[in-house]
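For reference, target.cif (mmCIF, C-alpha atoms):
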data_model
loop_
_atom_site.label_atom_id
_atom_site.label_comp_id
_atom_site.auth_asym_id
_atom_site.auth_seq_id
_atom_site.Cartn_x
_atom_site.Cartn_y
_atom_site.Cartn_z
CA PRO A 982 2.35 -11.61 -9.66
CA ALA A 983 2.32 -12.10 -5.87
CA TYR A 984 3.47 -8.52 -5.28
CA GLN A 985 0.52 -6.99 -7.21
CA PRO A 986 -1.48 -5.97 -4.09
CA LEU A 987 1.55 -4.10 -2.70
CA LEU A 988 2.19 -2.50 -6.08
CA ASP A 989 -1.44 -1.37 -6.34
CA SER A 990 -1.39 0.09 -2.82
CA LEU A 991 1.89 1.97 -3.33
CA SER A 992 0.68 3.23 -6.69
CA ARG A 993 -2.42 4.70 -5.04
CA ALA A 994 -0.22 6.29 -2.36
CA ALA A 995 2.06 7.91 -4.98
CA PRO A 996 -0.09 8.56 -8.06
CA SER A 997 2.52 10.87 -9.63
CA LEU A 998 5.28 8.24 -9.51
CA ASN A 999 6.00 6.61 -12.87
CA LYS A 1000 4.08 3.30 -12.76
CA GLU A 1001 6.82 1.44 -14.63
CA ALA A 1002 9.49 2.66 -12.20
CA LEU A 1003 7.40 1.54 -9.25
CA ARG A 1004 6.63 -1.83 -10.85
CA HIS A 1005 10.34 -2.48 -11.48
CA ALA A 1006 11.18 -1.40 -7.92
CA VAL A 1007 8.64 -3.72 -6.30
CA ALA A 1008 9.56 -6.62 -8.62
CA ALA A 1009 13.29 -6.18 -7.90
CA MET A 1010 12.62 -6.01 -4.17
CA GLN A 1011 10.51 -9.20 -4.33
CA CYS A 1012 13.19 -10.95 -6.40
CA ALA A 1013 15.79 -10.11 -3.76
CA VAL A 1014 13.55 -11.53 -1.02
CA ASN A 1015 12.89 -14.66 -3.11
CA ASN A 1016 16.67 -15.10 -3.32
CA GLY A 1017 17.26 -14.90 0.43
CA ALA A 1018 17.42 -11.18 1.21
CA GLN A 1019 15.72 -9.93 4.35
CA PRO A 1020 12.44 -8.12 3.64
CA ALA A 1021 12.77 -4.34 3.91
CA GLN A 1022 10.55 -2.02 5.92
CA ARG A 1023 11.24 0.94 3.65
CA LEU A 1024 11.47 1.29 -0.11
CA ALA A 1025 13.01 4.34 -1.75
CA VAL A 1026 12.46 4.89 -5.47
CA ILE A 1027 14.61 7.31 -7.47
CA ASP A 1028 13.14 8.06 -10.88
CA TYR A 1029 16.08 9.33 -12.94
CA SER A 1030 13.82 9.54 -15.99
CA LEU A 1031 12.64 12.81 -14.43
CA PRO A 1032 14.81 15.96 -14.59
CA SER A 1033 16.79 17.05 -11.54
CA THR A 1034 14.36 19.95 -11.18
CA ALA A 1035 11.66 17.47 -10.06
CA ARG A 1036 11.25 15.85 -6.67
CA ARG A 1037 12.19 12.42 -7.98
CA LEU A 1038 12.84 10.53 -4.73
CA TRP A 1039 9.94 8.76 -3.01
CA ILE A 1040 10.31 6.88 0.27
CA PHE A 1041 7.60 4.38 1.24
CA ASP A 1042 6.77 2.76 4.56
CA LEU A 1043 6.04 -0.77 3.31
CA LYS A 1044 4.15 -1.87 6.41
CA ARG A 1045 1.70 1.03 6.28
CA GLN A 1046 1.96 1.23 2.48
CA ARG A 1047 2.25 5.01 2.42
CA VAL A 1048 4.65 7.69 1.24
CA LEU A 1049 6.87 9.01 4.00
CA LEU A 1050 8.47 11.73 1.92
CA ARG A 1051 9.32 12.99 -1.52
CA ASP A 1052 12.40 15.08 -2.23
CA PHE A 1053 15.12 16.14 -4.64
CA VAL A 1054 18.08 13.91 -5.47
CA ALA A 1055 21.10 14.72 -7.65
CA HIS A 1056 22.68 12.38 -10.18
CA GLY A 1057 26.26 11.76 -11.36
CA ARG A 1058 28.11 14.47 -13.24
CA GLN A 1059 28.76 12.21 -16.25
CA SER A 1060 25.17 10.93 -16.32
CA GLY A 1061 23.88 14.11 -17.97
CA GLU A 1062 22.98 17.70 -17.29
CA ASN A 1063 19.45 18.26 -15.97
CA LEU A 1064 18.34 14.82 -17.19
CA ALA A 1065 20.29 11.64 -16.43
CA THR A 1066 20.71 9.63 -19.62
CA ARG A 1067 23.93 7.64 -19.04
CA PHE A 1068 24.55 5.16 -16.23
CA SER A 1069 27.49 3.01 -15.20
CA ASN A 1070 28.77 0.45 -12.72
CA SER A 1071 32.43 1.31 -13.46
CA GLU A 1072 34.88 2.94 -11.08
CA GLY A 1073 35.83 6.47 -12.11
CA SER A 1074 32.82 6.91 -14.41
CA HIS A 1075 31.20 9.61 -12.24
CA GLN A 1076 27.87 8.24 -13.44
CA SER A 1077 24.89 7.13 -11.40
CA SER A 1078 24.02 3.44 -11.28
CA LEU A 1079 20.62 1.87 -11.76
CA GLY A 1080 18.99 -1.10 -10.04
CA LEU A 1081 18.33 -2.27 -6.50
CA PHE A 1082 20.52 -1.24 -3.56
CA ARG A 1083 20.40 -2.29 0.10
CA THR A 1084 21.16 0.47 2.58
CA ALA A 1085 23.89 -0.36 5.08
CA GLU A 1086 25.63 1.58 7.82
CA SER A 1087 25.70 5.32 8.33
CA TYR A 1088 29.02 7.08 8.98
CA GLN A 1089 30.61 10.51 9.25
CA GLY A 1090 32.63 11.23 6.07
CA LYS A 1091 33.89 14.02 3.86
CA HIS A 1092 30.28 14.92 2.97
CA GLY A 1093 29.17 14.76 6.61
CA TYR A 1094 26.59 12.22 7.73
CA SER A 1095 26.39 9.61 4.95
CA LEU A 1096 24.99 6.15 4.22
CA ARG A 1097 26.79 3.27 2.55
CA LEU A 1098 24.99 1.27 -0.14
CA ASP A 1099 25.41 -2.27 -1.39
CA GLY A 1100 24.40 -2.89 -4.99
CA LEU A 1101 22.16 -5.94 -5.45
CA SER A 1102 21.83 -5.81 -9.25
CA PRO A 1103 24.70 -7.75 -10.89
CA GLY A 1104 26.33 -5.78 -13.69
CA LYS A 1105 24.30 -2.66 -12.91
CA ASN A 1106 25.36 -1.54 -9.45
CA CYS A 1107 27.32 -4.38 -7.81
CA ASN A 1108 30.40 -2.12 -7.60
CA ALA A 1109 28.58 0.50 -5.51
CA ARG A 1110 30.60 -0.09 -2.36
CA LYS A 1111 33.90 -0.27 -4.26
CA ARG A 1112 32.97 2.97 -6.07
CA ALA A 1113 32.00 4.62 -2.74
CA ILE A 1114 28.49 5.29 -4.03
CA VAL A 1115 26.75 6.55 -0.90
CA VAL A 1116 23.77 8.66 0.09
CA HIS A 1117 24.94 12.05 1.38
CA GLY A 1118 23.85 15.63 1.67
CA ALA A 1119 25.14 18.35 -0.65
CA ALA A 1120 24.52 22.06 -1.08
CA TYR A 1121 24.19 21.49 -4.84
CA ALA A 1122 21.16 19.20 -4.27
CA SER A 1123 19.12 21.90 -2.52
CA PRO A 1124 16.14 23.96 -3.65
CA THR A 1125 18.35 27.05 -3.20
CA HIS A 1126 20.82 25.73 -5.78
CA LEU A 1127 17.91 24.81 -8.04
CA ARG A 1128 16.49 28.34 -7.91
CA LYS A 1129 19.89 29.86 -8.65
CA TYR A 1130 20.98 27.52 -11.51
CA ASP A 1131 17.68 26.05 -12.81
CA LYS A 1132 18.93 22.51 -12.10
CA LEU A 1133 20.60 20.58 -9.32
CA GLY A 1134 24.35 20.16 -9.33
CA ARG A 1135 25.83 16.75 -9.89
CA SER A 1136 27.75 14.25 -7.77
CA TRP A 1137 30.42 11.74 -8.71
CA GLY A 1138 27.69 9.10 -9.02
CA CYS A 1139 26.09 9.28 -5.57
CA PRO A 1140 22.40 9.96 -4.98
CA ALA A 1141 23.01 13.28 -3.20
CA LEU A 1142 20.21 14.84 -1.14
CA PRO A 1143 19.45 18.38 0.01
CA ARG A 1144 21.85 18.90 2.92
CA GLU A 1145 19.07 20.25 5.17
CA GLN A 1146 17.06 17.01 4.93
CA SER A 1147 19.86 14.48 4.45
CA ARG A 1148 20.28 13.42 8.10
CA ALA A 1149 16.55 12.82 8.56
CA ILE A 1150 16.29 10.92 5.26
CA ILE A 1151 19.35 8.79 6.00
CA ASP A 1152 17.97 7.93 9.44
CA ILE A 1153 14.69 6.81 7.83
CA ILE A 1154 16.34 4.46 5.31
CA LYS A 1155 19.57 3.26 6.97
CA GLY A 1156 20.12 -0.31 8.06
CA GLY A 1157 18.43 -2.54 5.51
CA SER A 1158 15.96 -0.52 3.48
CA VAL A 1159 16.08 -0.87 -0.29
CA ILE A 1160 16.57 1.82 -2.89
CA TYR A 1161 15.60 1.29 -6.49
CA ALA A 1162 17.14 3.65 -9.06
CA HIS A 1163 15.16 3.77 -12.31
CA GLY A 1164 16.29 5.44 -15.50
#
Can you give me the file's structure in the form of structure tokens?
Amino acid sequence: PAYQPLLDSLSRAAPSLNKEALRHAVAAMQCAVNNGAQPAQRLAVIDYSLPSTARRLWIFDLKRQRVLLRDFVAHGRQSGENLATRFSNSEGSHQSSLGLFRTAESYQGKHGYSLRLDGLSPGKNCNARKRAIVVHGAAYASPTHLRKYDKLGRSWGCPALPREQSRAIIDIIKGGSVIYAHG
């Protein structure tokens, strides 16, 4: 496919990232562009096939084709314990959603500095905004929580980040980046 050179380059930049997750992320991103979406400068990949004890969030600079950071991310409380195995697009499910998201505006909310998401995968995450699925910081997504409980805590479906890094991460991806959640 036309995106193969980008896929190869990102794969070399993140050799520990699941190749299938990365392939799906790049293909979904290219499909969105082919259907009229603006190209993104950043790609975030969440690999929910990994346990919450792993740094399962990668953020890529697509222009330089390099990893900007890798960190922890929590999943929805009804998606599973340490490993996310159930996903939903339904309101009230408290499960994480899979597929491609476009980052939108940042705002100050009940979880502090947060980032709204728009789901781009029909049937998988298109209710993200209605469900208030946002990127936000949380104490339960931190390495401190992980050391104390041997797993991250869980959100109501949001990809929650370590509070200490959440502002910096949100600022890197806000305003039109894409996030691909794989599981």
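The coordinates place CA of Ile1114 in chain A at 26.3 Å from CA of Arg1128 in chain A.
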- On this structure, which residues satisfy the PyMOL selection byres ((chain A and resi 1096-1109) around 9), written as a ChimeraX atom specification? /A:1009,1013,1068-1072,1077-1089,1094-1095,1110-1117,1151-1152,1154-1156,1160
Tell me which residues the PyMOL selection byres ((chain A and resi 1021-1027) around 7) grabs here, as an MDAnalysis selection string. chainID A and resid 1006 1019:1020 1028:1029 1037:1044 1154 1157:1163
Given the PyMOL selection byres ((chain A and resi 1055) around 6), the residues it picks as an mmCIF file with C-alpha atoms, in the coordinates of the input:
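Output saved as out-v3.cif:
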data_model
loop_
_atom_site.group_PDB
_atom_site.id
_atom_site.type_symbol
_atom_site.label_atom_id
_atom_site.label_comp_id
_atom_site.auth_asym_id
_atom_site.auth_seq_id
_atom_site.Cartn_x
_atom_site.Cartn_y
_atom_site.Cartn_z
ATOM 1 C CA VAL A 1054 18.080 13.910 -5.470
ATOM 2 C CA HIS A 1056 22.680 12.380 -10.180
ATOM 3 C CA ALA A 1122 21.160 19.200 -4.270
ATOM 4 C CA ARG A 1135 25.830 16.750 -9.890
ATOM 5 C CA PRO A 1140 22.400 9.960 -4.980
ATOM 6 C CA ALA A 1141 23.010 13.280 -3.200
#
Taking all listed atoms of range 1070-1085 of chain A, build the axis-aligned box, pad each of the six sides by 6 Å, then write its centre and edge lengths in Å to one decimal as AutoDock Vina command-line options.
--center_x 27.1 --center_y 3.7 --center_z -4.7 --size_x 29.5 --size_y 23.9 --size_z 31.5
Separating CA of Ala1035 in chain A from CA of Gly1090 in chain A, to the nearest tenth of an Å, is a gap of 27.2 Å
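Straight-line separation from CA of Val1048 in chain A to CA of Asp989 in chain A: 13.3 Å.
Remark: for Asp1052 in chain A, the closest of the candidate residues A:Gln985, A:Lys1091, A:Arg1036, A:Ala1149 is A:Arg1036 (distances computed over only C-alpha atoms).
Nearest-residue note for Gly1118 in chain A: choosing from A:Ile1153, A:Gly1093, A:Arg1144, A:Gly1138, the minimum distance belongs to A:Arg1144, counting all atoms listed in the file.
Nearest-residue note for Ala1065 in chain A: choosing from A:Arg1051, A:Leu1031, A:Leu1003, A:Asn1016, the minimum distance belongs to A:Leu1031, counting all atoms listed in the file.
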Shortest contact to Ala995 in chain A, candidates A:Leu1142, A:Ala1120, A:Leu1064, A:Leu1049, atoms counted only C-alpha atoms, goes to A:Leu1049
From the list A:Ala1018, A:Ser1074, A:Leu988, A:Leu1127, the nearest residue to Gln1059 in chain A using only C-alpha atoms is A:Ser1074
Answer as a PyMOL selection string, residues within 6 Å of (27.5, 11.7, -14.8) using only C-alpha atoms | chain A and resi 1057-1061+1075-1076
